[in-house]
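Data block for input-v1.txt (compact mmCIF, C-alpha atoms):
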# COMPACT_ATOMS: atom_id res chain seq x y z
CA VAL Y 1 -17.05 -38.05 41.43
CA HIS Y 2 -19.16 -35.82 39.22
CA ALA Y 3 -19.30 -37.34 35.75
CA ALA Y 4 -20.90 -36.92 32.34
CA VAL Y 5 -20.37 -38.93 29.17
CA THR Y 6 -19.36 -36.72 26.25
CA ARG Y 7 -22.32 -36.42 23.90
CA PRO Y 8 -23.19 -34.02 21.05
CA GLY Y 9 -24.39 -30.69 22.36
CA ARG Y 10 -23.17 -31.21 25.92
CA ASP Y 11 -21.00 -28.61 27.59
CA PRO Y 12 -19.08 -30.25 30.45
CA GLU Y 13 -18.36 -26.90 32.11
CA HIS Y 14 -22.08 -26.09 32.18
CA LEU Y 15 -22.85 -29.54 33.60
CA ALA Y 16 -20.12 -29.10 36.24
CA HIS Y 17 -21.62 -25.76 37.20
CA LEU Y 18 -25.09 -27.27 37.50
CA ALA Y 19 -23.75 -30.13 39.61
CA ALA Y 20 -21.42 -28.20 41.91
CA GLY Y 21 -22.26 -24.50 41.50
CA ALA Y 22 -23.61 -24.06 45.01
CA HIS Y 23 -20.53 -25.77 46.48
CA LEU Y 24 -18.27 -23.64 44.30
CA GLN Y 25 -19.65 -20.55 46.06
CA ALA Y 26 -18.67 -21.85 49.50
CA ALA Y 27 -15.35 -20.76 50.98
CA HIS Y 28 -14.72 -24.08 52.73
CA TYR Y 29 -15.30 -26.07 49.53
CA THR Y 30 -13.18 -23.85 47.30
CA GLY Y 31 -10.52 -23.79 50.02
CA MET Y 32 -10.40 -27.57 49.93
CA LEU Y 33 -10.10 -27.48 46.13
CA ARG Y 34 -7.26 -24.94 46.28
CA THR Y 35 -5.45 -27.12 48.82
CA ALA Y 36 -5.70 -29.93 46.27
CA GLY Y 37 -4.25 -27.67 43.55
CA VAL Y 38 -7.50 -26.73 41.81
CA ASP Y 39 -7.90 -23.00 41.16
CA ALA Y 40 -11.32 -22.16 42.60
CA ASP Y 41 -12.63 -18.95 44.09
CA PRO Y 42 -16.08 -18.67 45.70
CA SER Y 43 -16.65 -15.34 43.93
CA ASP Y 44 -16.48 -17.03 40.49
CA PRO Y 45 -18.26 -20.41 40.51
CA ARG Y 46 -18.24 -20.64 36.69
CA ALA Y 47 -14.45 -20.45 36.68
CA GLY Y 48 -14.47 -23.06 39.44
CA ALA Y 49 -16.59 -25.33 37.23
CA ARG Y 50 -14.06 -24.90 34.40
CA ALA Y 51 -11.30 -25.81 36.84
CA LEU Y 52 -13.18 -28.95 37.94
CA VAL Y 53 -13.38 -30.09 34.32
CA ARG Y 54 -9.75 -29.20 33.50
CA SER Y 55 -8.47 -30.99 36.59
CA GLY Y 56 -10.50 -34.14 35.92
CA LEU Y 57 -12.40 -33.85 39.19
CA PHE Y 58 -15.46 -33.58 36.97
CA ALA Y 59 -14.88 -36.70 34.88
CA THR Y 60 -15.94 -36.50 31.26
CA GLY Y 61 -15.21 -38.39 28.07
CA THR Y 62 -16.28 -41.77 26.82
CA PRO Y 63 -17.65 -44.23 29.35
CA GLU Y 64 -14.34 -46.09 29.05
CA GLN Y 65 -12.33 -42.93 29.77
CA ILE Y 66 -14.44 -42.12 32.82
CA ALA Y 67 -14.10 -45.72 34.03
CA GLY Y 68 -10.36 -45.29 33.62
CA ARG Y 69 -10.43 -42.20 35.80
CA LEU Y 70 -12.33 -44.13 38.46
CA ALA Y 71 -9.85 -47.01 38.18
CA GLU Y 72 -7.08 -44.48 38.93
CA TYR Y 73 -8.79 -43.67 42.22
CA HIS Y 74 -8.91 -47.38 43.04
CA ALA Y 75 -5.23 -47.77 42.18
CA ALA Y 76 -4.45 -44.88 44.53
CA GLY Y 77 -6.14 -46.73 47.39
CA VAL Y 78 -9.67 -45.31 47.29
CA ASP Y 79 -12.07 -48.16 48.04
CA GLU Y 80 -15.39 -46.36 47.57
CA VAL Y 81 -16.47 -43.81 44.97
CA VAL Y 82 -19.89 -42.39 44.22
CA VAL Y 83 -20.48 -41.67 40.52
CA ASN Y 84 -22.61 -38.54 40.51
CA THR Y 85 -24.39 -37.63 37.26
CA ALA Y 86 -26.36 -34.79 38.85
CA GLY Y 87 -25.27 -32.25 36.24
CA VAL Y 88 -26.75 -34.42 33.51
CA TRP Y 89 -29.89 -34.96 35.60
CA LEU Y 90 -30.38 -31.23 36.06
CA ALA Y 91 -29.72 -30.44 32.38
CA GLU Y 92 -31.40 -33.37 30.64
CA GLY Y 93 -33.43 -35.29 33.19
CA PRO Y 94 -33.27 -38.61 35.00
CA HIS Y 95 -33.18 -40.93 31.98
CA ALA Y 96 -30.07 -39.26 30.57
CA ALA Y 97 -28.36 -39.29 33.98
CA VAL Y 98 -29.14 -42.96 34.57
CA ARG Y 99 -27.96 -43.84 31.05
CA ASP Y 100 -24.60 -42.16 31.72
CA ALA Y 101 -24.22 -43.89 35.08
CA GLU Y 102 -25.12 -47.28 33.60
CA GLU Y 103 -22.63 -46.92 30.75
CA ILE Y 104 -19.82 -45.80 33.07
CA LEU Y 105 -20.46 -48.52 35.66
CA THR Y 106 -20.83 -51.21 32.99
CA CYS Y 107 -17.40 -50.31 31.61
CA LEU Y 108 -15.92 -50.26 35.09
CA GLY Y 109 -17.46 -53.63 35.92
CA ARG Y 110 -16.12 -55.20 32.71
CA GLY Y 111 -12.71 -53.66 33.17
CA ASP Y 112 -13.11 -51.59 29.98
CA ALA Y 113 -11.14 -48.60 31.20
CA ASP Y 114 -9.01 -46.39 28.98
Serialized structure, structure tokens:
Amino acid sequence: VHAAVTRPGRDPEHLAHLAAGAHLQAAHYTGMLRTAGVDADPSDPRAGARALVRSGLFATGTPEQIAGRLAEYHAAGVDEVVVNTAGVWLAEGPHAAVRDAEEILTCLGRGDAD
């Protein structure tokens, strides 16, 4: 699950595009997203990034809100999820990406999910 904690100056759609832009240009990937009800077209990866954010497939918000989104996957029967902060890494570097991942996983581990 692509994720980014909401912070001043961050644009989740830009981060989603950085994280998944190459995938959003691939017909098989956007086809999978459309099958899941997410409006994505390989000819417009920026619109696809917006759709990822709007649909919640790119999880953003407070660490507690993102942990809540991950808890929803668990409740639906998913037993393994990778929290991917690549968009943050590409925009702001490794320290920012690790900080987001640590905050999200700490909330998840404590059960602090909104």
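The gap separating atom CA of Arg54 of chain Y from atom CA of Ala40 of chain Y is 11.6 Å, in Å to one decimal.
Comparing the minimum interatomic distances between Thr62 of chain Y and each of Y:Ser43, Y:Leu24, Y:His2, Y:Asp100, counting only C-alpha atoms, we find that Y:Asp100 sits nearest.
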Around (-16.4, -20.2, 37.8) in the file's frame, which residues reach within 10 Å when counting only C-alpha atoms? Return as a list of chain:residue names?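 Checked against the point, the hits come out as Y:Glu13, Y:His14, Y:Ala16, Y:His17, Y:Gly21, Y:Leu24, Y:Gln25, Y:Asp39, Y:Ala40, Y:Asp41, Y:Pro42, Y:Ser43, Y:Asp44, Y:Pro45, Y:Arg46, Y:Ala47, Y:Gly48, Y:Ala49, Y:Arg50, Y:Ala51, Y:Leu52.
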Can you pull out the residues contacting Val98 of chain Y? Cut-off 10 Å, using all atoms listed in the file, and skip same-chain residues under 2 positions away; I want them as number ranges by chain. Y: 84-86, 88-89, 93-96, 100-104
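Using only C-alpha atoms, the nearest neighbour of Ala59 of chain Y within the list Y:Ala22, Y:Gly31, Y:Gly87, Y:His74 is Y:Gly87.
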Between Y:Cys107, Y:Arg10, Y:Ala26, Y:Ala91, which residue has the minimum interatomic distance to Ala67 of chain Y, considering all atoms listed in the file?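 Of all the options, Y:Cys107 lies closest to Ala67 of chain Y.
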Report the distance between atom CA of Arg110 of chain Y and atom CA of Gly9 of chain Y in Å, rounded to one decimal place.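 It comes out at 27.9 Å.
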Could you tell me how far atom CA of Leu18 of chain Y sits from atom CA of Leu90 of chain Y, in Å to one decimal place?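 According to the coordinates, atom CA of Leu90 of chain Y and atom CA of Leu18 of chain Y are separated by 6.8 Å.
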Using all atoms listed in the file, which of Y:Leu15, Y:Val38, Y:Val81, Y:Met32 sits nearest Arg69 of chain Y?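 Using all atoms listed in the file, the shortest distance to Arg69 of chain Y belongs to Y:Val81.
If you measure from each of Y:Asp11, Y:Ala76, Y:Gly37, Y:Arg99 to Leu57 of chain Y using only C-alpha atoms, the closest one turns out to be Y:Gly37.
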Which residue out of Y:Ala75, Y:His23, Y:Val1, Y:Arg7 has the minimum interatomic distance to Glu92 of chain Y when all atoms listed in the file are used?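 Nearest candidate to Glu92 of chain Y out of Y:Ala75, Y:His23, Y:Val1, Y:Arg7: Y:Arg7.
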Exercise on segment 16-26 of chain Y, axis-aligned box with 4 Å per side, report centre and edge lengths in Å to one decimal, as lines of an AutoDock Vina configuration file:
center_x = -21.7
center_y = -25.3
center_z = 42.9
size_x = 14.8
size_y = 17.6
size_z = 21.3
